[in-house]
Structures are given as C-alpha cells and as structure tokens.
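Undergrad: Structure file entry.pdb, PDB, C-alpha atoms and all ligand atoms, is pasted below:
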ATOM      1  CA  MET A   1      72.039  43.465-105.748  1.00  0.00           C
ATOM      2  CA  ILE A   2      71.001  44.185-109.326  1.00  0.00           C
ATOM      3  CA  LYS A   3      68.024  46.428-109.971  1.00  0.00           C
ATOM      4  CA  VAL A   4      66.112  45.198-113.025  1.00  0.00           C
ATOM      5  CA  SER A   5      63.070  47.454-112.648  1.00  0.00           C
ATOM      6  CA  GLU A   6      61.314  49.483-109.946  1.00  0.00           C
ATOM      7  CA  ASN A   7      60.147  46.443-107.928  1.00  0.00           C
ATOM      8  CA  LEU A   8      62.347  43.717-109.406  1.00  0.00           C
ATOM      9  CA  GLN A   9      65.832  42.877-108.158  1.00  0.00           C
ATOM     10  CA  LEU A  10      68.338  40.051-108.489  1.00  0.00           C
ATOM     11  CA  ARG A  11      70.605  38.791-105.743  1.00  0.00           C
ATOM     12  CA  LYS A  12      73.450  36.414-106.489  1.00  0.00           C
ATOM     13  CA  ILE A  13      73.024  33.032-104.842  1.00  0.00           C
ATOM     14  CA  SER A  14      76.085  32.101-102.810  1.00  0.00           C
ATOM     15  CA  THR A  15      77.331  28.945-101.114  1.00  0.00           C
ATOM     16  CA  SER A  16      75.593  29.971 -97.872  1.00  0.00           C
ATOM     17  CA  ASP A  17      72.188  30.022 -99.627  1.00  0.00           C
ATOM     18  CA  THR A  18      71.837  26.308-100.390  1.00  0.00           C
ATOM     19  CA  ASN A  19      69.148  25.691 -97.781  1.00  0.00           C
ATOM     20  CA  ALA A  20      67.179  28.827 -98.689  1.00  0.00           C
ATOM     21  CA  LEU A  21      67.170  27.783-102.349  1.00  0.00           C
ATOM     22  CA  PHE A  22      66.091  24.240-101.481  1.00  0.00           C
ATOM     23  CA  ILE A  23      63.207  25.484 -99.304  1.00  0.00           C
ATOM     24  CA  LEU A  24      62.116  27.941-101.996  1.00  0.00           C
ATOM     25  CA  MET A  25      62.085  25.239-104.696  1.00  0.00           C
ATOM     26  CA  GLN A  26      60.270  22.793-102.420  1.00  0.00           C
ATOM     27  CA  GLU A  27      57.459  25.329-102.460  1.00  0.00           C
ATOM     28  CA  ILE A  28      57.632  26.627-106.043  1.00  0.00           C
ATOM     29  CA  TYR A  29      58.370  23.523-108.089  1.00  0.00           C
ATOM     30  CA  PRO A  30      55.391  21.314-107.143  1.00  0.00           C
ATOM     31  CA  LEU A  31      52.934  24.160-107.783  1.00  0.00           C
ATOM     32  CA  ALA A  32      54.038  24.175-111.424  1.00  0.00           C
ATOM     33  CA  TYR A  33      55.123  20.578-112.093  1.00  0.00           C
ATOM     34  CA  GLN A  34      53.783  18.102-109.547  1.00  0.00           C
ATOM     35  CA  HIS A  35      51.332  16.637-112.097  1.00  0.00           C
ATOM     36  CA  PHE A  36      54.335  15.624-114.264  1.00  0.00           C
ATOM     37  CA  TRP A  37      55.556  13.169-111.636  1.00  0.00           C
ATOM     38  CA  LYS A  38      54.463   9.965-109.948  1.00  0.00           C
ATOM     39  CA  ASP A  39      55.862  11.312-106.643  1.00  0.00           C
ATOM     40  CA  ASN A  40      54.733  14.944-107.132  1.00  0.00           C
ATOM     41  CA  GLY A  41      58.293  15.935-108.048  1.00  0.00           C
ATOM     42  CA  ASN A  42      59.861  15.172-104.669  1.00  0.00           C
ATOM     43  CA  TRP A  43      62.720  13.164-106.109  1.00  0.00           C
ATOM     44  CA  TYR A  44      63.484  15.884-108.689  1.00  0.00           C
ATOM     45  CA  VAL A  45      63.616  18.714-106.136  1.00  0.00           C
ATOM     46  CA  ASN A  46      65.604  16.632-103.664  1.00  0.00           C
ATOM     47  CA  SER A  47      68.206  15.740-106.279  1.00  0.00           C
ATOM     48  CA  GLN A  48      68.464  18.994-108.281  1.00  0.00           C
ATOM     49  CA  TYR A  49      68.412  21.182-105.181  1.00  0.00           C
ATOM     50  CA  SER A  50      70.452  19.030-102.830  1.00  0.00           C
ATOM     51  CA  LYS A  51      73.237  20.923-101.103  1.00  0.00           C
ATOM     52  CA  GLU A  52      75.766  18.891-103.065  1.00  0.00           C
ATOM     53  CA  ASN A  53      74.208  19.671-106.453  1.00  0.00           C
ATOM     54  CA  ILE A  54      73.686  23.376-105.755  1.00  0.00           C
ATOM     55  CA  LEU A  55      77.332  23.711-104.673  1.00  0.00           C
ATOM     56  CA  LYS A  56      78.407  21.886-107.820  1.00  0.00           C
ATOM     57  CA  GLU A  57      76.323  24.223-109.993  1.00  0.00           C
ATOM     58  CA  LEU A  58      77.631  27.290-108.175  1.00  0.00           C
ATOM     59  CA  SER A  59      81.201  26.208-108.758  1.00  0.00           C
ATOM     60  CA  GLN A  60      80.707  25.662-112.471  1.00  0.00           C
ATOM     61  CA  GLU A  61      82.664  28.188-114.535  1.00  0.00           C
ATOM     62  CA  ASN A  62      80.832  30.917-116.457  1.00  0.00           C
ATOM     63  CA  THR A  63      77.610  30.696-114.474  1.00  0.00           C
ATOM     64  CA  ASP A  64      75.517  33.249-112.617  1.00  0.00           C
ATOM     65  CA  TYR A  65      72.847  31.975-110.231  1.00  0.00           C
ATOM     66  CA  TYR A  66      70.267  34.471-108.955  1.00  0.00           C
ATOM     67  CA  PHE A  67      67.380  34.825-106.557  1.00  0.00           C
ATOM     68  CA  ILE A  68      64.591  36.972-108.003  1.00  0.00           C
ATOM     69  CA  LEU A  69      63.151  39.525-105.580  1.00  0.00           C
ATOM     70  CA  TYR A  70      59.790  41.161-106.178  1.00  0.00           C
ATOM     71  CA  ASP A  71      58.898  43.939-103.762  1.00  0.00           C
ATOM     72  CA  GLU A  72      61.908  42.777-101.744  1.00  0.00           C
ATOM     73  CA  GLU A  73      60.604  39.227-101.302  1.00  0.00           C
ATOM     74  CA  ILE A  74      62.404  36.235-102.857  1.00  0.00           C
ATOM     75  CA  ILE A  75      59.911  34.769-105.332  1.00  0.00           C
ATOM     76  CA  GLY A  76      62.054  32.804-107.780  1.00  0.00           C
ATOM     77  CA  ASN A  77      65.432  31.949-109.209  1.00  0.00           C
ATOM     78  CA  PHE A  78      67.331  31.179-112.403  1.00  0.00           C
ATOM     79  CA  ARG A  79      70.777  30.415-113.735  1.00  0.00           C
ATOM     80  CA  ILE A  80      72.703  31.819-116.673  1.00  0.00           C
ATOM     81  CA  ILE A  81      75.346  29.618-118.274  1.00  0.00           C
ATOM     82  CA  TRP A  82      77.571  31.685-120.521  1.00  0.00           C
ATOM     83  CA  ASP A  83      79.097  29.874-123.516  1.00  0.00           C
ATOM     84  CA  GLU A  84      77.006  26.712-123.079  1.00  0.00           C
ATOM     85  CA  LYS A  85      76.551  25.466-126.635  1.00  0.00           C
ATOM     86  CA  LEU A  86      73.432  24.197-128.298  1.00  0.00           C
ATOM     87  CA  GLU A  87      74.325  21.210-130.467  1.00  0.00           C
ATOM     88  CA  GLY A  88      74.547  22.138-134.134  1.00  0.00           C
ATOM     89  CA  LEU A  89      75.026  25.875-133.525  1.00  0.00           C
ATOM     90  CA  HIS A  90      78.723  25.918-132.714  1.00  0.00           C
ATOM     91  CA  ASP A  91      80.123  28.958-134.419  1.00  0.00           C
ATOM     92  CA  VAL A  92      78.441  31.792-132.503  1.00  0.00           C
ATOM     93  CA  LYS A  93      78.574  33.054-128.925  1.00  0.00           C
ATOM     94  CA  GLN A  94      75.693  31.482-127.010  1.00  0.00           C
ATOM     95  CA  VAL A  95      74.221  31.683-123.552  1.00  0.00           C
ATOM     96  CA  LYS A  96      71.826  29.262-121.861  1.00  0.00           C
ATOM     97  CA  LEU A  97      69.024  30.373-119.571  1.00  0.00           C
ATOM     98  CA  HIS A  98      68.682  27.534-117.098  1.00  0.00           C
ATOM     99  CA  ARG A  99      65.602  26.819-114.921  1.00  0.00           C
ATOM    100  CA  LEU A 100      63.741  30.087-114.557  1.00  0.00           C
ATOM    101  CA  TYR A 101      61.098  29.564-111.877  1.00  0.00           C
ATOM    102  CA  LEU A 102      58.721  32.128-110.431  1.00  0.00           C
ATOM    103  CA  HIS A 103      56.389  31.503-107.515  1.00  0.00           C
ATOM    104  CA  GLN A 104      52.823  30.893-108.641  1.00  0.00           C
ATOM    105  CA  LYS A 105      51.581  33.949-106.762  1.00  0.00           C
ATOM    106  CA  THR A 106      53.732  36.235-108.936  1.00  0.00           C
ATOM    107  CA  GLN A 107      53.212  34.565-112.319  1.00  0.00           C
ATOM    108  CA  GLY A 108      51.440  36.488-115.084  1.00  0.00           C
ATOM    109  CA  LEU A 109      52.561  39.893-113.821  1.00  0.00           C
ATOM    110  CA  GLY A 110      55.144  40.465-116.542  1.00  0.00           C
ATOM    111  CA  ILE A 111      58.152  39.492-114.401  1.00  0.00           C
ATOM    112  CA  GLY A 112      59.241  36.741-116.796  1.00  0.00           C
ATOM    113  CA  LYS A 113      59.055  39.123-119.718  1.00  0.00           C
ATOM    114  CA  THR A 114      61.053  41.798-117.898  1.00  0.00           C
ATOM    115  CA  LEU A 115      63.745  39.294-116.920  1.00  0.00           C
ATOM    116  CA  LEU A 116      64.075  37.909-120.436  1.00  0.00           C
ATOM    117  CA  THR A 117      64.445  41.411-121.844  1.00  0.00           C
ATOM    118  CA  TRP A 118      67.068  42.189-119.210  1.00  0.00           C
ATOM    119  CA  LEU A 119      69.027  39.022-120.084  1.00  0.00           C
ATOM    120  CA  GLU A 120      68.727  39.567-123.833  1.00  0.00           C
ATOM    121  CA  GLN A 121      70.090  43.111-123.512  1.00  0.00           C
ATOM    122  CA  LYS A 122      72.889  42.018-121.193  1.00  0.00           C
ATOM    123  CA  ALA A 123      73.878  39.167-123.542  1.00  0.00           C
ATOM    124  CA  PHE A 124      73.742  41.380-126.628  1.00  0.00           C
ATOM    125  CA  LYS A 125      76.028  43.945-124.978  1.00  0.00           C
ATOM    126  CA  LYS A 126      78.501  41.155-124.223  1.00  0.00           C
ATOM    127  CA  SER A 127      78.441  40.196-127.938  1.00  0.00           C
ATOM    128  CA  TYR A 128      76.403  37.026-127.494  1.00  0.00           C
ATOM    129  CA  SER A 129      74.137  36.349-130.444  1.00  0.00           C
ATOM    130  CA  ILE A 130      71.995  33.444-129.226  1.00  0.00           C
ATOM    131  CA  ILE A 131      70.026  32.706-126.061  1.00  0.00           C
ATOM    132  CA  TRP A 132      68.652  29.200-125.678  1.00  0.00           C
ATOM    133  CA  LEU A 133      66.919  27.077-123.093  1.00  0.00           C
ATOM    134  CA  ASP A 134      65.087  23.837-122.417  1.00  0.00           C
ATOM    135  CA  ALA A 135      61.302  23.992-122.165  1.00  0.00           C
ATOM    136  CA  MET A 136      58.872  21.204-121.343  1.00  0.00           C
ATOM    137  CA  ASP A 137      56.400  20.834-124.204  1.00  0.00           C
ATOM    138  CA  GLU A 138      53.553  19.869-121.889  1.00  0.00           C
ATOM    139  CA  GLN A 139      53.886  23.009-119.764  1.00  0.00           C
ATOM    140  CA  PRO A 140      52.011  25.533-121.981  1.00  0.00           C
ATOM    141  CA  GLN A 141      52.623  28.379-119.554  1.00  0.00           C
ATOM    142  CA  ALA A 142      56.359  28.146-120.150  1.00  0.00           C
ATOM    143  CA  PHE A 143      56.307  26.889-123.731  1.00  0.00           C
ATOM    144  CA  GLN A 144      53.882  29.564-124.989  1.00  0.00           C
ATOM    145  CA  PHE A 145      55.658  32.224-122.962  1.00  0.00           C
ATOM    146  CA  TYR A 146      58.963  31.629-124.787  1.00  0.00           C
ATOM    147  CA  LYS A 147      57.232  31.242-128.148  1.00  0.00           C
ATOM    148  CA  LYS A 148      55.574  34.633-127.689  1.00  0.00           C
ATOM    149  CA  ARG A 149      58.955  36.164-126.857  1.00  0.00           C
ATOM    150  CA  GLY A 150      60.334  34.980-130.218  1.00  0.00           C
ATOM    151  CA  TYR A 151      62.037  31.720-129.215  1.00  0.00           C
ATOM    152  CA  THR A 152      61.904  29.035-131.894  1.00  0.00           C
ATOM    153  CA  TYR A 153      62.281  25.276-131.949  1.00  0.00           C
ATOM    154  CA  HIS A 154      65.728  23.784-132.420  1.00  0.00           C
ATOM    155  CA  SER A 155      65.565  20.160-131.248  1.00  0.00           C
ATOM    156  CA  HIS A 156      64.020  17.945-128.600  1.00  0.00           C
ATOM    157  CA  THR A 157      64.750  15.064-126.261  1.00  0.00           C
ATOM    158  CA  PHE A 158      62.679  12.794-124.035  1.00  0.00           C
ATOM    159  CA  LEU A 159      63.646  12.886-120.365  1.00  0.00           C
ATOM    160  CA  PRO A 160      64.471   9.375-119.116  1.00  0.00           C
ATOM    161  CA  TYR A 161      63.541   9.778-115.418  1.00  0.00           C
ATOM    162  CA  THR A 162      61.587   6.732-114.200  1.00  0.00           C
ATOM    163  CA  LEU A 163      59.248   8.763-112.008  1.00  0.00           C
ATOM    164  CA  LEU A 164      58.157  11.070-114.823  1.00  0.00           C
ATOM    165  CA  HIS A 165      54.801  10.302-116.502  1.00  0.00           C
ATOM    166  CA  ASP A 166      55.384   9.073-120.073  1.00  0.00           C
ATOM    167  CA  GLU A 167      53.184  11.665-121.783  1.00  0.00           C
ATOM    168  CA  VAL A 168      55.155  14.663-120.440  1.00  0.00           C
ATOM    169  CA  ARG A 169      58.721  13.538-121.209  1.00  0.00           C
ATOM    170  CA  LYS A 170      59.257  15.741-124.248  1.00  0.00           C
ATOM    171  CA  MET A 171      61.625  18.657-123.670  1.00  0.00           C
ATOM    172  CA  SER A 172      62.458  21.068-126.493  1.00  0.00           C
ATOM    173  CA  GLN A 173      65.479  23.245-126.949  1.00  0.00           C
ATOM    174  CA  VAL A 174      64.344  26.680-128.135  1.00  0.00           C
ATOM    175  CA  TYR A 175      66.489  29.650-129.078  1.00  0.00           C
ATOM    176  CA  LYS A 176      66.423  33.261-130.120  1.00  0.00           C
ATOM    177  CA  ILE A 177      68.882  35.172-132.265  1.00  0.00           C
ATOM    178  CA  LEU A 178      69.698  38.505-130.650  1.00  0.00           C
ATOM    179  CA  THR A 179      69.641  41.549-132.885  1.00  0.00           C
TER     180      THR A 179
HETATM  181  C1  LIG A 201      57.006  30.575-117.374  1.00  0.00           C
HETATM  182  C2  LIG A 201      57.276  31.819-116.531  1.00  0.00           C
HETATM  183  C3  LIG A 201      58.781  32.025-116.368  1.00  0.00           C
HETATM  184  C4  LIG A 201      56.680  33.036-117.254  1.00  0.00           C
HETATM  185  O1  LIG A 201      56.864  34.202-116.470  1.00  0.00           O
HETATM  186  P1  LIG A 201      55.619  35.144-116.094  1.00  0.00           P
HETATM  187  O2  LIG A 201      56.132  36.307-115.347  1.00  0.00           O
HETATM  188  O3  LIG A 201      54.567  34.315-115.420  1.00  0.00           O
HETATM  189  O4  LIG A 201      55.093  35.575-117.536  1.00  0.00           O
HETATM  190  P2  LIG A 201      54.657  37.044-117.964  1.00  0.00           P
HETATM  191  O5  LIG A 201      53.678  37.594-116.964  1.00  0.00           O
HETATM  192  O6  LIG A 201      55.865  37.857-118.257  1.00  0.00           O
HETATM  193  O7  LIG A 201      53.834  36.684-119.281  1.00  0.00           O
HETATM  194  C5  LIG A 201      54.430  36.684-120.540  1.00  0.00           C
HETATM  195  C6  LIG A 201      53.509  36.170-121.617  1.00  0.00           C
HETATM  196  O8  LIG A 201      53.252  34.750-121.519  1.00  0.00           O
HETATM  197  C7  LIG A 201      51.884  34.514-121.784  1.00  0.00           C
HETATM  198  N1  LIG A 201      51.397  33.306-121.121  1.00  0.00           N
HETATM  199  C8  LIG A 201      51.497  32.985-119.837  1.00  0.00           C
HETATM  200  N2  LIG A 201      50.899  31.800-119.613  1.00  0.00           N
HETATM  201  C9  LIG A 201      50.401  31.377-120.807  1.00  0.00           C
HETATM  202  C10 LIG A 201      49.656  30.238-121.234  1.00  0.00           C
HETATM  203  N3  LIG A 201      49.307  29.274-120.363  1.00  0.00           N
HETATM  204  N4  LIG A 201      49.341  30.130-122.544  1.00  0.00           N
HETATM  205  C11 LIG A 201      49.673  31.100-123.426  1.00  0.00           C
HETATM  206  N5  LIG A 201      50.377  32.208-123.072  1.00  0.00           N
HETATM  207  C12 LIG A 201      50.714  32.337-121.780  1.00  0.00           C
HETATM  208  C13 LIG A 201      51.183  35.749-121.241  1.00  0.00           C
HETATM  209  O9  LIG A 201      49.933  35.892-121.888  1.00  0.00           O
HETATM  210  C14 LIG A 201      52.171  36.859-121.621  1.00  0.00           C
HETATM  211  O10 LIG A 201      52.033  37.282-122.957  1.00  0.00           O
HETATM  212  P3  LIG A 201      51.453  38.725-123.351  1.00  0.00           P
HETATM  213  O11 LIG A 201      52.186  39.733-122.519  1.00  0.00           O
HETATM  214  O12 LIG A 201      51.761  38.805-124.799  1.00  0.00           O
HETATM  215  O13 LIG A 201      50.017  38.617-123.010  1.00  0.00           O
HETATM  216  C15 LIG A 201      56.623  31.703-115.135  1.00  0.00           C
HETATM  217  O14 LIG A 201      55.211  31.691-115.261  1.00  0.00           O
HETATM  218  C16 LIG A 201      57.036  30.473-114.348  1.00  0.00           C
HETATM  219  O15 LIG A 201      58.041  30.485-113.686  1.00  0.00           O
HETATM  220  N6  LIG A 201      56.233  29.380-114.393  1.00  0.00           N
HETATM  221  C17 LIG A 201      56.406  28.171-113.600  1.00  0.00           C
HETATM  222  C18 LIG A 201      57.723  27.499-113.737  1.00  0.00           C
HETATM  223  C19 LIG A 201      58.128  27.174-115.151  1.00  0.00           C
HETATM  224  O16 LIG A 201      57.414  26.509-115.877  1.00  0.00           O
HETATM  225  N7  LIG A 201      59.323  27.650-115.513  1.00  0.00           N
HETATM  226  C20 LIG A 201      59.932  27.390-116.787  1.00  0.00           C
HETATM  227  C21 LIG A 201      61.024  26.398-116.618  1.00  0.00           C
HETATM  228  S1  LIG A 201      61.863  26.217-118.172  1.00  0.00           S
END
Please, can you express the file's structure as structure tokens?
TA:
Amino acid sequence: MIKVSENLQLRKISTSDTNALFILMQEIYPLAYQHFWKDNGNWYVNSQYSKENILKELSQENTDYYFILYDEEIIGNFRIIWDEKLEGLHDVKQVKLHRLYLHQKTQGLGIGKTLLTWLEQKAFKKSYSIIWLDAMDEQPQAFQFYKKRGYTYHSHTFLPYTLLHDEVRKMSQVYKILT
C-alpha cells in the first residue's frame, strides 16, 4: 500500500482483482461518460475491463495499475505506463498516465490534483521529463482539470468506435514538461 496523503492510498491491482476492477468501472464509468455512447458505454466497459483485457494490461512491461482508496474505500483507479512515447517527442524520457477515473461521489475534493502531483514528483525523481495522457475534448471536467494543472495540447485523434456519438469523438493528447 502506498500512502499519498492522510486519507489517500494506492493499492496495486493484481491478477486476482479483475472482477473487482470490472465491477468498480461498471459503476464509475457510466456516471461520467454514458452520454458519449449509444449504449451508455456498456460495450466500452465490457471490452476494456474484460478479464482478458485487464490481464493483458497487467502483464504489459513497465506498467503500474492502482486502485485509489479514499478513507480506506476503493473509489477509483489508474494506470502508469513508463516509457510510453508520444509521437513526435522521441528524445526524452516520458510516462503516460492512462485512464484516471474517480467515483463521482469523490470528484471535486482535490484527489485528482493530489494524485497528479504525486505522479509528477515520482516521475521527476526517476528522471522522466514529460507526463502525457489522452483526454476527451467533450468532457470539460477532465479537459479543464488537466489544462489547469499545466498540461498543454500536443495532437488529437478521432475515436473510431461505432457506438460513440459523432460529436464526442475528439480525443487530445496533452502533456506537461516536468521541472
Ligand atoms: C477528472 C478527474 C480525474 C479530476 O479529479 P478531481 O479530484 O475531481 O479534481 P480536483 O478536485 O483535484 O479538481 C482539480 C481542478 O479541476 C477543476 N475542475 C473540475 N471540474 C471542472 C470543470 N467542469 N470545469 C473547469 N474546471 C474544473 C477544479 O475547479 C479544480 O481546480 P482548482 O483547484 O484550481 O479550483 C475526476 O473528476 C474524474 O475522474 N472524472 C471522471 C472520469 C474522467 O473523466 N476521467 C478522466 C479520464 S482521462
């Protein structure tokens, strides 16, 4: 267990946690993103958080996958992918923050900010100079959150998933140089 602050802890997700992670995301994901999808996001959660896909992501080299605990309750999760490169920025050490999700009931309490600061300090100590991530343009809560924390635009793509509504397909890659 990693203590991030007084009431915030991280616990590594292991291969025996696949069902717990799936159940958690079945609850958390639609609260934030169901309006993006024609099926409320069911297909996305079922595919991204299938046992098979979670095990694949856990076995990927250079990754850390964590549950976020607030007051000892699991309220979210995220992945860190060390050395995942952002196209066009090849010559520096980079780390990707992948899919940070907090339960709606604990959003806006400063947890996201605390976690980003924790990751930025950890990465800086390990001599990484860039953190980057994907953010959905039409999710202001996430997009503005990263902008406020100093993350800037790098590039964008349009997600091809059939079940996604056309007007929300834009996903930007944003990054921050660590100093
Ligand atoms: C996005 C998320 C990680 C942010 O974490 P959080 O703990 O809720 O955010 P914090 O409480 O640390 O707030 C940080 C800042 O974002 C700002 N913010 C939050 N929502 C905002 C909005 N809709 N518009 C503008 N700013 C917003 C807050 O005002 C705060 O800034 P301030 O301290 O300068 O006032 C979290 O809300 C979340 O998981 N959301 C749902 C899932 C999601 O979209 N994840 C991102 C996947 S890439």
Undergrad: Give me the chain A side of the contact with ligand LIG 201 (chain A), cut-off 9 Å, one line per residue showing its nearest atom pair and distance in Å at one decimal, counting all atoms listed in the file, sorted by chain and residue number, as a Markdown table.
TA:
| residue | atom | partner | partner_atom | distance |
| --- | --- | --- | --- | --- |
| A:Ile28 | CA | A:LIG201 | C18 | 7.7 |
| A:Tyr29 | CA | A:LIG201 | C18 | 6.9 |
| A:Leu31 | CA | A:LIG201 | C17 | 7.9 |
| A:Ala32 | CA | A:LIG201 | C17 | 5.1 |
| A:Tyr33 | CA | A:LIG201 | O16 | 7.4 |
| A:Gly76 | CA | A:LIG201 | O15 | 7.5 |
| A:Asn77 | CA | A:LIG201 | O15 | 8.8 |
| A:Phe78 | CA | A:LIG201 | C21 | 9.0 |
| A:Leu97 | CA | A:LIG201 | S1 | 8.4 |
| A:His98 | CA | A:LIG201 | S1 | 7.0 |
| A:Arg99 | CA | A:LIG201 | C21 | 4.9 |
| A:Leu100 | CA | A:LIG201 | C21 | 5.0 |
| A:Tyr101 | CA | A:LIG201 | O15 | 3.7 |
| A:Leu102 | CA | A:LIG201 | O15 | 3.7 |
| A:His103 | CA | A:LIG201 | O15 | 6.5 |
| A:Gln104 | CA | A:LIG201 | C17 | 6.7 |
| A:Thr106 | CA | A:LIG201 | O3 | 6.8 |
| A:Gln107 | CA | A:LIG201 | O3 | 3.4 |
| A:Gly108 | CA | A:LIG201 | O5 | 3.1 |
| A:Leu109 | CA | A:LIG201 | O5 | 4.1 |
| A:Gly110 | CA | A:LIG201 | O6 | 3.2 |
| A:Ile111 | CA | A:LIG201 | O2 | 3.9 |
| A:Gly112 | CA | A:LIG201 | O2 | 3.5 |
| A:Lys113 | CA | A:LIG201 | O6 | 3.7 |
| A:Thr114 | CA | A:LIG201 | O6 | 6.5 |
| A:Leu115 | CA | A:LIG201 | O6 | 8.1 |
| A:Leu116 | CA | A:LIG201 | O6 | 8.5 |
| A:Leu133 | CA | A:LIG201 | S1 | 7.1 |
| A:Asp134 | CA | A:LIG201 | S1 | 5.8 |
| A:Ala135 | CA | A:LIG201 | S1 | 4.6 |
| A:Met136 | CA | A:LIG201 | S1 | 6.6 |
| A:Gln139 | CA | A:LIG201 | O16 | 6.3 |
| A:Pro140 | CA | A:LIG201 | N3 | 4.9 |
| A:Gln141 | CA | A:LIG201 | N3 | 3.5 |
| A:Ala142 | CA | A:LIG201 | C1 | 3.7 |
| A:Phe143 | CA | A:LIG201 | C1 | 7.4 |
| A:Gln144 | CA | A:LIG201 | C11 | 4.7 |
| A:Phe145 | CA | A:LIG201 | O8 | 3.8 |
| A:Tyr146 | CA | A:LIG201 | O8 | 7.3 |
| A:Lys147 | CA | A:LIG201 | O8 | 8.5 |
| A:Lys148 | CA | A:LIG201 | O12 | 6.3 |
| A:Arg149 | CA | A:LIG201 | C6 | 7.6 |
Undergrad: Using all atoms listed in the file, which residue out of A:His156, A:Asp71, A:Asp17, A:Tyr175 lies closest to Lys3 of chain A?
TA: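 Of A:His156, A:Asp71, A:Asp17, A:Tyr175, the one nearest Lys3 of chain A, counting all atoms listed in the file, is A:Asp71.
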Undergrad: Which one of A:Trp132, A:Phe22, A:Tyr151, A:Tyr49 sits closest to Ile80 of chain A if you count only C-alpha atoms?
TA: A:Trp132
Undergrad: Take atom CA of His154 of chain A and atom CA of Lys122 of chain A and report the distance between them in Å, one decimal.
TA: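 Computing it gives 22.6 Å between the two atoms.
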Undergrad: Between atom CA of Leu21 of chain A and atom CA of Arg79 of chain A, what is the spacing in Å?
TA: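 It comes out at 12.2 Å.
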Undergrad: Run the PyMOL selection byres (((chain A and resi 59-65) around 8) and not hetatm) against the file shown and list the residues it catches, as a list in words.
TA: Lys12, Ile13, Leu55, Lys56, Glu57, Leu58, Tyr66, Phe67, Asn77, Phe78, Arg79, Ile80, Ile81, Trp82 and Asp83 of chain A
Undergrad: Just want the 12 Å neighbourhood of Thr162 of chain A, counted on only C-alpha atoms, with same-chain residues fewer than 4 positions away dropped. Output as an MDAnalysis selection string.
TA: chainID A and resid 36:39 41 43:44 158 166 168:169
Undergrad: Give me segment 60-76 of chain A with N, CA and C atoms filled in, as an mmCIF file, keeping the file's coordinate frame.
TA:
data_model
loop_
_atom_site.group_PDB
_atom_site.id
_atom_site.type_symbol
_atom_site.label_atom_id
_atom_site.label_comp_id
_atom_site.auth_asym_id
_atom_site.auth_seq_id
_atom_site.Cartn_x
_atom_site.Cartn_y
_atom_site.Cartn_z
ATOM 1 N N GLN A 60 80.485 25.801 -111.019
ATOM 2 C CA GLN A 60 80.707 25.662 -112.471
ATOM 3 C C GLN A 60 81.162 27.004 -113.049
ATOM 4 N N GLU A 61 82.148 26.951 -113.929
ATOM 5 C CA GLU A 61 82.664 28.188 -114.535
ATOM 6 C C GLU A 61 81.620 28.848 -115.415
ATOM 7 N N ASN A 62 81.712 30.172 -115.545
ATOM 8 C CA ASN A 62 80.832 30.917 -116.457
ATOM 9 C C ASN A 62 79.355 30.844 -116.116
ATOM 10 N N THR A 63 79.035 30.697 -114.825
ATOM 11 C CA THR A 63 77.610 30.696 -114.474
ATOM 12 C C THR A 63 77.291 31.805 -113.483
ATOM 13 N N ASP A 64 76.061 32.316 -113.604
ATOM 14 C CA ASP A 64 75.517 33.249 -112.617
ATOM 15 C C ASP A 64 74.217 32.630 -112.128
ATOM 16 N N TYR A 65 74.043 32.592 -110.823
ATOM 17 C CA TYR A 65 72.847 31.975 -110.231
ATOM 18 C C TYR A 65 72.194 33.042 -109.362
ATOM 19 N N TYR A 66 70.906 33.336 -109.631
ATOM 20 C CA TYR A 66 70.267 34.471 -108.955
ATOM 21 C C TYR A 66 68.968 34.100 -108.258
ATOM 22 N N PHE A 67 68.723 34.738 -107.113
ATOM 23 C CA PHE A 67 67.380 34.825 -106.557
ATOM 24 C C PHE A 67 66.696 36.006 -107.224
ATOM 25 N N ILE A 68 65.391 35.869 -107.469
ATOM 26 C CA ILE A 68 64.591 36.972 -108.003
ATOM 27 C C ILE A 68 63.795 37.559 -106.842
ATOM 28 N N LEU A 69 63.905 38.867 -106.643
ATOM 29 C CA LEU A 69 63.151 39.525 -105.580
ATOM 30 C C LEU A 69 62.113 40.456 -106.184
ATOM 31 N N TYR A 70 60.878 40.296 -105.729
ATOM 32 C CA TYR A 70 59.790 41.161 -106.178
ATOM 33 C C TYR A 70 59.240 41.856 -104.941
ATOM 34 N N ASP A 71 59.251 43.165 -104.964
ATOM 35 C CA ASP A 71 58.898 43.939 -103.762
ATOM 36 C C ASP A 71 59.679 43.428 -102.551
ATOM 37 N N GLU A 72 60.941 43.184 -102.772
ATOM 38 C CA GLU A 72 61.908 42.777 -101.744
ATOM 39 C C GLU A 72 61.704 41.371 -101.171
ATOM 40 N N GLU A 73 60.795 40.605 -101.754
ATOM 41 C CA GLU A 73 60.604 39.227 -101.302
ATOM 42 C C GLU A 73 61.185 38.271 -102.353
ATOM 43 N N ILE A 74 61.865 37.225 -101.910
ATOM 44 C CA ILE A 74 62.404 36.235 -102.857
ATOM 45 C C ILE A 74 61.239 35.409 -103.403
ATOM 46 N N ILE A 75 61.054 35.473 -104.736
ATOM 47 C CA ILE A 75 59.911 34.769 -105.332
ATOM 48 C C ILE A 75 60.340 33.825 -106.480
ATOM 49 N N GLY A 76 61.635 33.687 -106.700
ATOM 50 C CA GLY A 76 62.054 32.804 -107.780
ATOM 51 C C GLY A 76 63.556 32.759 -107.926
#
